[in-house]
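Structure data (compact mmCIF, C-alpha atoms) from coords14.txt:
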```txt
# COMPACT_ATOMS: atom_id res chain seq x y z
CA MET X 30 0.00 0.00 0.00
CA ASN X 31 1.24 3.46 -0.86
CA GLU X 32 2.50 5.40 2.15
CA GLU X 33 0.65 8.47 0.90
CA LEU X 34 -2.65 6.79 1.80
CA PHE X 35 -1.84 7.29 5.48
CA SER X 36 -0.71 10.65 6.83
CA GLY X 37 -1.18 10.02 10.53
CA PHE X 38 -3.87 9.50 13.10
CA THR X 39 -6.00 12.50 14.06
CA ASN X 40 -7.07 14.24 17.23
CA ARG X 41 -10.36 12.38 16.84
CA THR X 42 -8.54 9.09 17.45
CA ILE X 43 -7.06 10.30 20.73
CA THR X 44 -10.34 11.95 21.73
CA PHE X 45 -12.23 8.70 21.16
CA MET X 46 -9.81 6.76 23.38
CA LYS X 47 -10.03 9.41 26.11
CA GLN X 48 -13.82 9.40 26.00
CA LEU X 49 -13.90 5.60 26.02
CA LYS X 50 -11.62 5.60 29.07
CA ALA X 51 -14.05 7.93 30.85
CA ASN X 52 -17.19 6.10 29.64
CA ASN X 53 -16.12 2.48 29.57
CA ASN X 54 -19.53 0.84 29.27
CA ARG X 55 -21.50 -0.94 26.58
CA ASP X 56 -24.26 1.63 26.23
CA TRP X 57 -21.81 4.45 25.52
CA PHE X 58 -19.81 2.32 23.10
CA LYS X 59 -22.95 1.26 21.24
CA ASP X 60 -23.84 4.91 20.67
CA GLN X 61 -20.28 5.64 19.50
CA LYS X 62 -19.93 2.65 17.14
CA LYS X 63 -19.66 4.86 14.05
CA THR X 64 -17.00 7.02 15.72
CA TYR X 65 -15.09 3.87 16.67
CA GLU X 66 -15.14 2.64 13.08
CA GLU X 67 -14.21 5.96 11.44
CA ASP X 68 -11.76 7.45 13.94
CA TYR X 69 -10.14 4.36 15.45
CA LYS X 70 -10.53 1.12 13.50
CA ILE X 71 -10.21 2.32 9.89
CA PRO X 72 -7.14 4.53 10.53
CA ALA X 73 -5.53 1.72 12.52
CA LEU X 74 -6.06 -0.84 9.75
CA THR X 75 -4.78 1.61 7.13
CA PHE X 76 -1.69 2.28 9.22
CA ALA X 77 -1.15 -1.47 9.68
CA ASP X 78 -1.34 -2.11 5.94
CA VAL X 79 1.24 0.56 5.22
CA MET X 80 3.59 -0.64 7.96
CA THR X 81 3.54 -4.23 6.71
CA GLU X 82 5.02 -2.96 3.45
CA GLN X 83 7.60 -0.92 5.33
CA LEU X 84 8.62 -3.96 7.36
CA ARG X 85 8.82 -6.12 4.24
CA SER X 86 11.19 -3.55 2.75
CA LEU X 87 13.19 -3.36 5.99
CA THR X 88 13.55 -7.10 6.60
CA GLY X 89 13.03 -8.77 3.23
CA LEU X 90 10.16 -10.76 4.76
CA SER X 91 6.44 -10.42 4.19
CA HIS X 92 4.49 -9.55 7.33
CA THR X 93 0.94 -9.93 8.55
CA SER X 94 -0.63 -7.42 10.92
CA LYS X 95 -3.08 -7.83 13.77
CA LEU X 96 -5.16 -5.05 15.33
CA PHE X 97 -5.97 -6.31 18.80
CA ARG X 98 -9.62 -6.41 19.78
CA ILE X 99 -11.01 -3.40 21.58
CA HIS X 100 -13.20 -5.77 23.61
CA ARG X 101 -11.50 -6.97 26.78
CA ASP X 102 -11.57 -10.58 27.97
CA VAL X 103 -12.96 -10.05 31.46
CA ARG X 104 -13.70 -13.67 32.36
CA PHE X 105 -10.91 -13.93 34.93
CA ALA X 106 -10.19 -10.23 35.48
CA LYS X 107 -11.00 -8.17 38.55
CA ASP X 108 -11.43 -5.17 36.27
CA LYS X 109 -14.72 -5.79 34.47
CA THR X 110 -14.65 -2.74 32.19
CA PRO X 111 -15.53 -4.15 28.77
CA TYR X 112 -13.19 -2.20 26.46
CA ASN X 113 -9.52 -1.39 26.00
CA SER X 114 -8.92 2.34 25.81
CA HIS X 115 -5.66 1.85 23.93
CA MET X 116 -4.62 0.60 20.49
CA HIS X 117 -2.26 -2.33 20.04
CA ILE X 118 -1.06 -3.63 16.68
CA SER X 119 1.42 -6.45 16.08
CA PHE X 120 3.33 -7.34 12.93
CA THR X 121 4.47 -10.93 12.42
CA PRO X 122 6.96 -12.02 9.76
CA GLU X 123 6.11 -14.92 7.48
CA HIS X 124 8.89 -17.26 8.56
CA PRO X 125 9.25 -21.02 9.24
CA MET X 126 9.79 -20.32 12.95
CA ALA X 127 6.80 -21.38 15.01
CA ASN X 128 7.21 -18.37 17.32
CA PRO X 129 9.10 -15.64 15.45
CA PRO X 130 9.95 -12.20 16.82
CA CYS X 131 7.27 -9.60 16.17
CA TRP X 132 7.01 -5.86 16.00
CA PHE X 133 4.63 -3.93 18.23
CA PHE X 134 2.81 -0.59 18.03
CA GLY X 135 1.09 0.71 21.14
CA LEU X 136 -0.90 3.93 21.37
CA ASP X 137 -2.87 5.05 24.40
CA THR X 138 -4.16 8.36 25.70
CA GLU X 139 -0.76 9.27 27.16
CA LYS X 140 1.99 7.85 24.97
CA LEU X 141 3.19 6.07 21.84
CA THR X 142 5.41 3.00 22.25
CA LEU X 143 7.08 0.74 19.69
CA GLY X 144 8.58 -2.65 20.40
CA CYS X 145 10.23 -5.71 18.95
CA GLY X 146 10.83 -9.19 20.29
CA ILE X 147 9.27 -12.35 21.64
CA PHE X 148 7.12 -12.03 24.76
CA GLY X 149 7.52 -15.68 25.72
CA PHE X 150 9.93 -18.24 24.29
CA ASP X 151 8.58 -21.71 23.66
CA ALA X 152 10.45 -24.53 25.40
CA LEU X 153 12.93 -25.15 22.57
CA GLN X 154 13.56 -21.43 22.05
CA LEU X 155 14.19 -20.91 25.75
CA GLN X 156 16.73 -23.73 25.83
CA ALA X 157 18.45 -22.44 22.68
CA PHE X 158 18.53 -18.85 23.97
CA ARG X 159 20.12 -19.90 27.26
CA THR X 160 22.69 -21.96 25.39
CA ARG X 161 23.60 -18.96 23.23
CA VAL X 162 23.79 -16.62 26.21
CA ASP X 163 25.93 -19.11 28.14
CA GLY X 164 28.29 -19.58 25.20
CA ALA X 165 30.48 -17.48 22.95
CA GLU X 166 27.51 -15.41 21.74
CA GLY X 167 26.59 -14.22 25.21
CA ASN X 168 28.87 -11.19 25.28
CA ASP X 169 27.79 -10.14 21.78
CA ILE X 170 24.08 -10.37 22.64
CA ALA X 171 24.62 -8.38 25.82
CA ALA X 172 26.66 -5.76 23.94
CA THR X 173 23.93 -5.38 21.30
CA LEU X 174 21.29 -4.78 23.95
CA GLN X 175 23.50 -2.46 25.96
CA SER X 176 24.20 -0.36 22.87
CA LEU X 177 20.47 0.10 22.28
CA THR X 178 19.62 0.89 25.89
CA LYS X 179 22.33 3.52 25.98
CA LYS X 180 20.49 5.21 23.09
CA GLY X 181 17.21 5.30 25.00
CA ALA X 182 15.57 1.93 24.36
CA ARG X 183 14.49 -0.26 27.26
CA ILE X 184 14.49 -4.02 27.67
CA SER X 185 11.62 -5.96 29.19
CA ASP X 186 12.34 -7.01 32.76
CA PRO X 187 13.50 -10.59 33.35
CA GLU X 188 10.73 -12.90 34.52
CA LEU X 189 12.88 -14.93 36.91
CA LYS X 190 14.26 -13.64 40.18
CA ARG X 191 17.13 -16.13 40.16
CA VAL X 192 19.42 -17.66 37.57
CA PRO X 193 17.90 -20.94 36.38
CA SER X 194 19.41 -24.18 37.62
CA GLY X 195 22.42 -25.40 35.71
CA PHE X 196 24.06 -21.96 35.50
CA ALA X 197 26.38 -20.22 37.93
CA LYS X 198 24.68 -17.69 40.19
CA ASP X 199 27.42 -15.19 39.34
CA HIS X 200 27.24 -15.87 35.59
CA PRO X 201 28.42 -12.78 33.64
CA GLN X 202 25.09 -12.80 31.78
CA GLU X 203 22.93 -13.68 34.77
CA GLU X 204 20.30 -11.05 33.92
CA LEU X 205 19.83 -12.37 30.39
CA LEU X 206 19.57 -15.92 31.72
CA ARG X 207 16.66 -14.82 33.91
CA HIS X 208 14.61 -13.88 30.84
CA LYS X 209 11.89 -16.21 29.55
CA GLY X 210 11.29 -13.93 26.58
CA LEU X 211 13.00 -10.85 25.21
CA ALA X 212 11.50 -7.59 23.97
CA ILE X 213 12.91 -4.13 23.44
CA TRP X 214 10.83 -0.96 23.65
CA SER X 215 11.09 2.61 22.42
CA ASP X 216 8.95 5.30 24.05
CA LEU X 217 8.33 7.99 21.45
CA GLY X 218 6.75 10.70 23.58
CA ASP X 219 3.14 11.57 24.24
CA ALA X 220 0.17 10.39 22.20
CA LYS X 221 0.32 13.43 19.92
CA THR X 222 3.44 11.91 18.33
CA ALA X 223 1.05 9.61 16.46
CA LEU X 224 -0.61 12.61 14.85
CA ASP X 225 2.51 13.63 12.96
CA ASP X 226 2.43 13.42 9.17
CA ASN X 227 5.78 11.61 9.37
CA LEU X 228 4.53 8.80 11.63
CA ILE X 229 5.30 6.06 9.09
CA ALA X 230 8.89 7.25 8.63
CA THR X 231 9.29 7.65 12.38
CA CYS X 232 8.13 4.08 13.01
CA ARG X 233 10.28 2.67 10.23
CA ASN X 234 13.37 4.47 11.53
CA GLU X 235 12.76 3.27 15.07
CA PHE X 236 12.13 -0.29 13.94
CA LYS X 237 15.34 -0.10 11.91
CA ARG X 238 17.22 1.02 15.02
CA VAL X 239 16.08 -2.00 17.07
CA LYS X 240 16.30 -4.45 14.16
CA PRO X 241 19.46 -6.05 15.67
CA VAL X 242 17.15 -7.59 18.30
CA PHE X 243 14.83 -8.92 15.58
CA ASP X 244 17.84 -10.38 13.79
CA LEU X 245 19.32 -12.10 16.84
CA LEU X 246 15.96 -13.68 17.68
CA LEU X 247 15.16 -14.79 14.12
CA VAL X 248 17.07 -18.08 14.28
```
Go ahead and render the structure in this file as structure tokens.
Amino acid sequence: MNEELFSGFTNRTITFMKQLKANNNRDWFKDQKKTYEEDYKIPALTFADVMTEQLRSLTGLSHTSKLFRIHRDVRFAKDKTPYNSHMHISFTPEHPMANPPCWFFGLDTEKLTLGCGIFGFDALQLQAFRTRVDGAEGNDIAATLQSLTKKGARISDPELKRVPSGFAKDHPQEELLRHKGLAIWSDLGDAKTALDDNLIATCRNEFKRVKPVFDLLLV
């Protein structure tokens, strides 16, 4: 899809999310269904289509996009509000890996965040990642991540409090060994950043910057 078909989200998108946050109930949403479609869903899907082409150009791989449902799954949640007042989109490469690294776009009423990685390794990925971190690659992986965090990116916190069994407690890469997934995030300022005409270029440039994480996980 031509990038010119998408010039940015609008104030109406942010306004809808703010109003939904303040009126998170089914009656209000039913009355605002047209606003949801025109100011939230359609711009989001258009943006997703454009970004899949950008990511194909960036990585050489075709991508599929997913706009996450605005309806919340409240079956086991204490918070029973029925709708998400944010926008989440993921981009998944078409690759033989069963659980490849993905790209993430998150917009809420306060901020815009981009990400890349794998939230949770499957069993084989986790074993392979620990083997890499424990071996000759460990220092290189750590250096790649450190370089990005020094430039403002942030790494998801490790899920384990202790180094897993089989590895020294004082392992030089003990923090990486405590991860059960790995994702890197870029916080791009407040929500109005998404309204910029250059949003597509901004996202592509940021995804390009964190692409080393995509590359090290795409194995």
Using all atoms listed in the file, find each residue in range 107-175 of chain X having at least one atom no more than 12 Å away from range 60-68 of chain X; report its shortest atom-to-atom pair and that distance in Å (one decimal), rows by chain then rising number, as a tab-separated table.
```
residue	atom	partner	partner_atom	distance
X:Tyr112	CA	X:Tyr65	CA	11.7
X:Ser114	CA	X:Tyr65	CA	11.1
X:Met116	CA	X:Tyr65	CA	11.6
```
*Go ahead and compute the interatomic distance for CA of Val162 in chain X and CA of Ala127 in chain X, in Å to one decimal.*
20.9 Å
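For the pair CA of Ser185 in chain X and CA of Arg238 in chain X, the separation is 16.8 Å.
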*In Å, rounded to a single decimal, give me how far CA of Cys232 in chain X is from CA of Asp151 in chain X.*
27.9 Å
*asked:* Between X:Gln154, X:Thr75, X:Gln202, X:Asn227, which residue has the minimum interatomic distance to Ile118 in chain X, considering only C-alpha atoms?
replied: X:Thr75
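Residues surrounding Gly195 in chain X within 12 Å are Gln156, Arg159, Thr160, Asp163, His200, Glu203 and Leu206 of chain X [all atoms listed in the file; sequence separation below 5 positions excluded].
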*With all atoms listed in the file counted, which protein, DNA or RNA residues have an atom no more than 10 Å from (6.6, 5.3, 8.6) in the file frame? Please answer as a ChimeraX atom specification.*
/X:32,35-37,76,79-80,82-84,226-236
*Could you name the residues that touch Phe45 in chain X at 10 Å or less, counting only C-alpha atoms, but leaving out those on the same chain fewer than 2 positions away, as a PyMOL selection string?*
chain X and resi 40-43+47-51+61+64-65+68-69+114-115+138
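Residues in contact range of Arg183 in chain X, defined as at most 8 Å between all atoms listed in the file, with sequence neighbours fewer than 3 positions away removed, read Leu177, Thr178, Ile213, Trp214 and Ser215 of chain X.
Nearest residue to Gly181 in chain X, choosing from X:Thr222, X:Ile99, X:His208, X:Val239 and counting all atoms listed in the file: X:Val239.
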*Counting only C-alpha atoms, which of X:Ala223, X:Leu245, X:Ile71, X:Ala172 gets nearest to Phe158 in chain X?*
X:Leu245
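Distance annotation: of X:Lys237, X:Lys180, X:Arg101, X:Lys198, the residue with the minimal separation from Asp216 in chain X is X:Lys180; atom set is all atoms listed in the file.
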